[in-house]
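The structure file data08.cif is reproduced below (mmCIF, C-alpha atoms).
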```cif
data_final
#
loop_
_atom_site.label_atom_id
_atom_site.label_comp_id
_atom_site.auth_asym_id
_atom_site.auth_seq_id
_atom_site.Cartn_x
_atom_site.Cartn_y
_atom_site.Cartn_z
CA MET A 1 -32.10 80.22 90.20
CA SER A 2 -28.98 81.82 88.87
CA LYS A 3 -29.71 81.59 85.17
CA LYS A 4 -32.25 84.01 83.70
CA ILE A 5 -35.21 82.53 81.87
CA THR A 6 -35.18 84.33 78.53
CA ALA A 7 -38.63 84.78 77.04
CA ILE A 8 -40.47 86.25 74.09
CA ILE A 9 -44.12 87.28 74.18
CA CYS A 10 -46.33 87.34 71.11
CA ASP A 11 -49.81 88.85 70.82
CA ASP A 12 -51.48 90.86 68.08
CA GLU A 13 -53.36 92.94 70.66
CA PRO A 14 -51.13 95.79 71.95
CA LEU A 15 -52.92 95.99 75.31
CA ALA A 16 -52.60 92.25 75.87
CA LEU A 17 -48.90 92.44 74.96
CA LYS A 18 -48.36 95.29 77.40
CA GLY A 19 -50.33 93.52 80.13
CA MET A 20 -48.32 90.30 79.82
CA LYS A 21 -45.07 92.27 79.90
CA MET A 22 -46.11 94.04 83.11
CA ARG A 23 -47.10 90.79 84.79
CA LEU A 24 -43.84 89.09 83.85
CA GLU A 25 -41.70 91.96 85.11
CA VAL A 26 -42.40 90.96 88.73
CA PHE A 27 -40.38 87.75 88.22
CA ASP A 28 -36.71 88.61 88.75
CA ASP A 29 -35.51 85.50 86.93
CA VAL A 30 -37.54 86.14 83.76
CA GLU A 31 -36.04 88.37 81.06
CA ILE A 32 -38.22 89.41 78.10
CA VAL A 33 -35.89 89.54 75.10
CA ARG A 34 -38.44 90.34 72.38
CA GLU A 35 -42.06 91.47 72.01
CA CYS A 36 -43.76 90.21 68.85
CA ARG A 37 -47.06 91.25 67.26
CA ASN A 38 -47.61 88.30 64.95
CA GLY A 39 -46.56 84.74 64.27
CA ARG A 40 -43.91 85.59 61.70
CA GLU A 41 -42.15 87.93 64.13
CA ALA A 42 -42.28 85.19 66.78
CA ILE A 43 -40.69 82.62 64.45
CA ALA A 44 -37.93 85.07 63.49
CA ALA A 45 -37.28 85.96 67.15
CA ILE A 46 -37.11 82.30 68.22
CA LYS A 47 -34.68 81.42 65.43
CA GLU A 48 -32.51 84.46 66.14
CA LEU A 49 -32.52 84.58 69.96
CA LYS A 50 -33.25 80.96 70.93
CA PRO A 51 -35.17 81.98 74.06
CA ASP A 52 -35.93 79.50 76.83
CA LEU A 53 -39.63 80.32 76.75
CA ALA A 54 -42.29 81.70 74.38
CA PHE A 55 -45.73 83.01 75.35
CA LEU A 56 -47.85 82.69 72.21
CA ASP A 57 -51.35 84.00 71.64
CA ILE A 58 -53.35 81.27 69.94
CA GLN A 59 -55.65 83.48 67.89
CA MET A 60 -53.68 85.80 65.64
CA PRO A 61 -54.25 86.79 62.01
CA GLY A 62 -51.98 85.02 59.53
CA LEU A 63 -49.90 82.54 61.51
CA ASP A 64 -51.60 81.68 64.80
CA GLY A 65 -49.85 80.23 67.84
CA PHE A 66 -50.28 76.63 66.68
CA ALA A 67 -48.85 77.47 63.25
CA VAL A 68 -45.79 79.01 64.92
CA VAL A 69 -45.12 75.77 66.80
CA LYS A 70 -45.66 73.63 63.70
CA SER A 71 -43.18 75.75 61.76
CA LEU A 72 -40.52 75.11 64.40
CA VAL A 73 -40.75 71.32 64.29
CA GLY A 74 -37.31 69.95 63.47
CA SER A 75 -35.51 73.12 64.60
CA TYR A 76 -34.95 74.90 67.91
CA MET A 77 -38.08 74.82 70.04
CA PRO A 78 -38.39 76.82 73.29
CA LEU A 79 -40.79 75.89 76.06
CA ILE A 80 -44.24 77.02 74.89
CA VAL A 81 -47.03 78.63 76.90
CA PHE A 82 -50.16 79.34 74.89
CA VAL A 83 -52.36 82.28 75.83
CA THR A 84 -56.00 82.36 74.76
CA ALA A 85 -59.43 83.74 75.61
CA TYR A 86 -61.07 80.42 74.69
CA ASP A 87 -60.56 77.35 76.85
CA GLN A 88 -61.72 74.96 74.11
CA TYR A 89 -58.22 75.33 72.71
CA ALA A 90 -56.70 73.63 75.77
CA LEU A 91 -56.62 70.11 74.34
CA GLU A 92 -55.07 71.17 71.06
CA ALA A 93 -52.59 73.31 73.00
CA PHE A 94 -51.22 70.33 74.88
CA GLN A 95 -51.26 68.18 71.78
CA SER A 96 -48.94 70.82 70.35
CA HIS A 97 -46.52 70.11 73.23
CA ALA A 98 -47.26 73.23 75.24
CA THR A 99 -45.72 73.37 78.68
CA ASP A 100 -48.80 75.22 79.90
CA TYR A 101 -51.59 77.45 78.73
CA LEU A 102 -53.16 80.58 80.18
CA LEU A 103 -56.65 82.01 79.84
CA LYS A 104 -57.15 85.72 79.22
CA PRO A 105 -57.32 87.86 81.21
CA VAL A 106 -54.22 86.31 82.74
CA GLU A 107 -54.45 86.14 86.53
CA GLU A 108 -51.33 86.81 88.58
CA ASP A 109 -51.67 83.66 90.71
CA ARG A 110 -52.13 81.49 87.63
CA LEU A 111 -49.10 83.06 85.94
CA GLU A 112 -47.04 82.43 89.07
CA GLN A 113 -47.96 78.72 88.85
CA THR A 114 -46.87 78.68 85.23
CA ILE A 115 -43.49 80.26 85.99
CA ALA A 116 -42.92 77.75 88.81
CA LYS A 117 -43.68 74.97 86.34
CA ILE A 118 -41.23 76.47 83.83
CA ARG A 119 -38.48 76.63 86.46
CA GLU A 120 -38.99 72.97 87.34
CA THR A 121 -39.09 71.91 83.69
CA MET A 122 -35.88 73.79 82.94
CA ARG A 123 -34.15 72.24 85.93
CA GLN A 124 -35.14 68.74 84.80
CA HIS A 125 -34.20 69.42 81.19
CA SER A 126 -30.82 70.73 82.31
CA ALA A 127 -30.03 67.45 84.05
CA ILE A 128 -31.23 65.40 81.07
CA GLU A 129 -29.28 67.49 78.58
CA GLN A 130 -26.15 67.35 80.72
CA ASN A 131 -26.35 63.57 80.88
CA ALA A 132 -27.02 63.34 77.14
CA ARG A 133 -23.90 65.44 76.44
CA ILE A 134 -21.83 63.13 78.64
CA VAL A 135 -23.07 60.08 76.76
CA LYS A 136 -22.51 61.72 73.38
CA LEU A 137 -18.98 62.71 74.37
CA LEU A 138 -18.28 59.20 75.56
CA GLU A 139 -19.50 57.61 72.33
CA THR A 140 -17.39 59.89 70.14
CA MET A 141 -14.14 59.74 72.11
CA ALA A 142 -11.54 57.29 70.81
CA ASN A 143 -9.95 56.87 74.27
CA PRO A 144 -12.31 57.93 77.05
CA PRO A 145 -10.71 58.68 80.43
CA GLU A 146 -10.56 55.49 82.47
CA ILE A 147 -11.87 56.93 85.72
CA LEU A 148 -13.95 60.01 84.88
CA LEU A 149 -16.12 58.56 82.15
CA SER A 150 -16.58 54.85 81.64
CA ALA A 151 -19.18 53.06 79.54
CA VAL A 152 -19.92 49.40 80.00
CA LEU A 153 -21.89 46.48 78.80
CA ASP A 154 -22.71 45.34 82.30
CA GLN A 155 -25.47 42.83 81.57
CA ASP A 156 -23.13 39.87 82.25
CA GLN A 157 -22.51 40.81 85.87
CA PRO A 158 -24.44 38.49 88.19
CA GLU A 159 -27.12 39.98 90.41
CA ALA A 160 -26.39 40.07 94.12
CA PRO A 161 -27.90 37.24 96.14
CA LYS A 162 -30.92 38.19 98.18
CA GLY A 163 -29.85 39.99 101.36
CA GLN A 164 -26.30 40.50 100.06
CA TYR A 165 -25.16 43.48 98.02
CA GLU A 166 -21.90 44.13 96.19
CA PRO A 167 -19.59 46.77 97.73
CA GLN A 168 -18.33 47.74 94.28
CA ILE A 169 -19.65 48.16 90.76
CA HIS A 170 -17.21 47.09 88.08
CA ILE A 171 -17.37 49.20 84.94
CA LYS A 172 -15.72 47.67 81.89
CA ASP A 173 -14.84 49.57 78.74
CA ARG A 174 -12.38 48.79 75.95
CA GLY A 175 -9.99 46.81 78.13
CA TYR A 176 -10.31 49.05 81.19
CA ILE A 177 -12.05 48.10 84.42
CA THR A 178 -13.06 50.85 86.81
CA ARG A 179 -14.15 49.93 90.32
CA VAL A 180 -16.70 52.29 91.78
CA GLU A 181 -17.21 51.97 95.53
CA VAL A 182 -20.94 51.75 96.16
CA LYS A 183 -20.60 53.73 99.40
CA ASP A 184 -19.20 56.66 97.38
CA ILE A 185 -22.26 56.93 95.10
CA ASP A 186 -24.30 60.10 95.68
CA TYR A 187 -27.07 59.43 93.21
CA ILE A 188 -27.79 57.78 89.88
CA ASP A 189 -29.87 59.09 87.02
CA ALA A 190 -30.73 57.89 83.56
CA ALA A 191 -29.61 59.19 80.16
CA GLY A 192 -31.32 57.07 77.56
CA ASP A 193 -29.92 53.52 77.72
CA TYR A 194 -27.14 54.63 80.07
CA MET A 195 -27.00 55.15 83.82
CA CYS A 196 -25.01 58.12 85.11
CA ILE A 197 -23.41 57.20 88.45
CA HIS A 198 -22.40 60.35 90.33
CA THR A 199 -19.61 60.15 92.94
CA GLY A 200 -18.48 63.52 94.20
CA GLU A 201 -17.33 65.50 91.16
CA LYS A 202 -17.01 62.42 88.96
CA THR A 203 -19.59 60.83 86.70
CA HIS A 204 -19.31 57.22 85.59
CA ILE A 205 -21.39 55.96 82.69
CA LEU A 206 -22.89 52.49 82.84
CA ARG A 207 -24.91 50.82 80.10
CA ALA A 208 -27.70 49.06 81.99
CA THR A 209 -31.32 49.44 82.97
CA MET A 210 -32.44 51.26 86.09
CA LYS A 211 -34.18 48.09 87.26
CA THR A 212 -31.04 45.95 86.93
CA LEU A 213 -28.90 48.47 88.77
CA GLU A 214 -31.50 48.91 91.52
CA LYS A 215 -31.29 45.17 92.32
CA LYS A 216 -27.55 45.49 92.97
CA LEU A 217 -27.99 48.17 95.66
CA ASP A 218 -29.04 47.88 99.28
CA PRO A 219 -32.57 49.36 99.52
CA ALA A 220 -31.87 50.40 103.11
CA ILE A 221 -29.40 52.94 101.69
CA PHE A 222 -30.33 53.45 98.03
CA GLN A 223 -33.88 54.37 97.19
CA ARG A 224 -35.51 54.98 93.85
CA VAL A 225 -37.27 58.34 94.05
CA HIS A 226 -38.19 58.76 90.40
CA ARG A 227 -38.47 56.42 87.43
CA SER A 228 -35.07 57.77 86.32
CA ALA A 229 -33.32 58.46 89.64
CA ILE A 230 -31.87 56.52 92.61
CA VAL A 231 -30.54 58.39 95.66
CA ASN A 232 -28.12 57.48 98.44
CA LEU A 233 -30.25 58.36 101.48
CA ASN A 234 -27.11 59.05 103.51
CA ARG A 235 -26.39 61.98 101.22
CA VAL A 236 -29.75 63.69 101.78
CA LYS A 237 -29.35 66.96 103.69
CA GLU A 238 -32.72 68.66 103.27
CA LEU A 239 -36.24 67.90 102.15
CA HIS A 240 -38.10 70.67 100.31
CA PRO A 241 -41.88 70.46 99.72
CA HIS A 242 -43.02 71.54 96.27
CA SER A 243 -46.31 72.14 94.51
CA ASN A 244 -48.89 69.38 94.05
CA GLY A 245 -47.58 67.44 97.05
CA GLU A 246 -44.22 66.74 95.45
CA TYR A 247 -40.81 67.07 97.13
CA PHE A 248 -37.18 67.73 96.26
CA LEU A 249 -34.33 66.02 98.09
CA VAL A 250 -31.30 68.29 98.51
CA LEU A 251 -28.06 66.34 98.75
CA ASP A 252 -25.01 67.42 100.73
CA GLY A 253 -23.34 68.33 97.42
CA GLY A 254 -26.15 70.77 96.60
CA GLN A 255 -27.90 68.64 93.96
CA GLU A 256 -31.71 68.69 93.93
CA ILE A 257 -33.48 65.43 93.10
CA LYS A 258 -37.22 65.37 92.52
CA VAL A 259 -39.31 62.75 94.30
CA SER A 260 -42.19 61.81 91.98
CA ARG A 261 -45.62 60.98 93.33
CA SER A 262 -45.15 57.30 92.49
CA TYR A 263 -42.31 57.11 95.03
CA LYS A 264 -43.69 59.47 97.69
CA ASP A 265 -43.47 56.71 100.33
CA VAL A 266 -39.73 57.52 100.47
CA ILE A 267 -40.64 60.82 102.15
CA GLY A 268 -41.79 58.86 105.20
CA ARG A 269 -38.13 58.10 105.95
CA PHE A 270 -37.53 61.78 106.64
CA ILE A 271 -40.86 62.77 108.22
CA SER A 272 -41.65 61.06 111.48
#
```
Take the structure from the file and write it as structure tokens.
Amino acid sequence: MSKKITAIICDDEPLALKGMKMRLEVFDDVEIVRECRNGREAIAAIKELKPDLAFLDIQMPGLDGFAVVKSLVGSYMPLIVFVTAYDQYALEAFQSHATDYLLKPVEEDRLEQTIAKIRETMRQHSAIEQNARIVKLLETMANPPEILLSAVLDQDQPEAPKGQYEPQIHIKDRGYITRVEVKDIDYIDAAGDYMCIHTGEKTHILRATMKTLEKKLDPAIFQRVHRSAIVNLNRVKELHPHSNGEYFLVLDGGQEIKVSRSYKDVIGRFIS
């Protein structure tokens, strides 16, 4: 990935801090921006540097790893990986919204799994945040561009009769009607109560549910591959296997769309 994953590491044991630093240095896309020896230093570093990721030792004098997370509630929160010598902390770690947790001594293979998980999480969050920014921009603009960004209240459009699907989706907003050719749609993903319809370099915003939109599209061409994503199968260029039996579809425009386990039957269309 092109963007570096900025990270801080926090541990009150100097040897553990050094060991984690050495293990992380093998990952070219991970950049350690601060080493912290206690919870207060970690909080200060997170607020100052806003790293993508924080490795926090759970057991530290003063503010432990959990206390660090609790202090950040309501402010900037990086992805959290807890590090501990005691696996009984696992449940509480995930209740504190940890992305992952590692047992000491940290094994290289296990750390590699964690970094892969971080990469995937960041990729997903990037798409979600991008869509959220589009929606926010749309809602605050007095006169949104007619073609590039269009929000609608589309609930009144009739569903296509069984076996017949509309060649266009009509997007209405403040007196404008934008016609989006269904054949031009690359993929669709969700941003809250809005659907982001991607056609080439353009994104059209539609207020509707994923289920309602799915019924308007020909399932021979458009397949739901995730609870928040529909893909035009004609745009799929490559299929990449991922960990835990999951896959990513790579579209001809370079976008990567995750296929969740619930929709893994879609993979059968490409493997025969």
| message | With distances taken over all atoms listed in the file, which residue among A:Val182, A:Val26, A:Leu17, A:Val68 lies nearest A:Gly39? | response |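 Of the candidates, the smallest distance to A:Gly39 is held by A:Val68.
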| message | To one decimal place in Å, what is the distance between atom CA of A:Arg179 and atom CA of A:Tyr165? | response | 14.9 Å
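Nearest residue to A:Met22 among A:Val83, A:Ile9, A:Arg37, A:Leu206 is A:Ile9, counting all atoms listed in the file.
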| Just so the selection is clear, what residues does the PyMOL selection byres ((chain A and resi 24) around 12) cover here, as a PyMOL selection string? | chain A and resi 5-9+17-23+25-33+55+106-112+114-115
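For the set A:Asp64, A:Thr121, A:Lys104, A:Gly268, the residue with the smallest atom-to-atom gap to A:Leu15 is A:Lys104, counting all atoms listed in the file.
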| message | Given only C-alpha atoms as the basis, pick out the residue of A:Lys117, A:Arg269, A:His170, A:Lys215 nearest to A:His242. | response |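 For A:His242, the nearest of the given residues is A:Lys117.
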| request: May I ask for the distance between atom CA of A:Lys183 and atom CA of A:Arg207, given in Å to one decimal place? | output: 20.0 Å
| atom CA of A:Thr199 and atom CA of A:Asp184 are how many Å apart? |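 Separation of atom CA of A:Thr199 and atom CA of A:Asp184: 5.7 Å.
Distance annotation: of A:Arg119, A:Ile58, A:Val231, A:Phe82, the residue with the minimal separation from A:Pro219 is A:Val231; atom set is all atoms listed in the file.
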| request: Would you be able to write out as number ranges by chain which residues have an atom within 8 Å of (-40.6, 77.4, 75.5) in the file's coordinates, counting all atoms listed in the file? | output: A: 7, 51-55, 77-81, 98-99
| task | Choose the residue, out of A:Val73, A:Leu213, A:Ala191, A:Val225, that has the smallest atom-to-atom separation from A:Tyr263; count all atoms listed in the file. | result | A:Val225
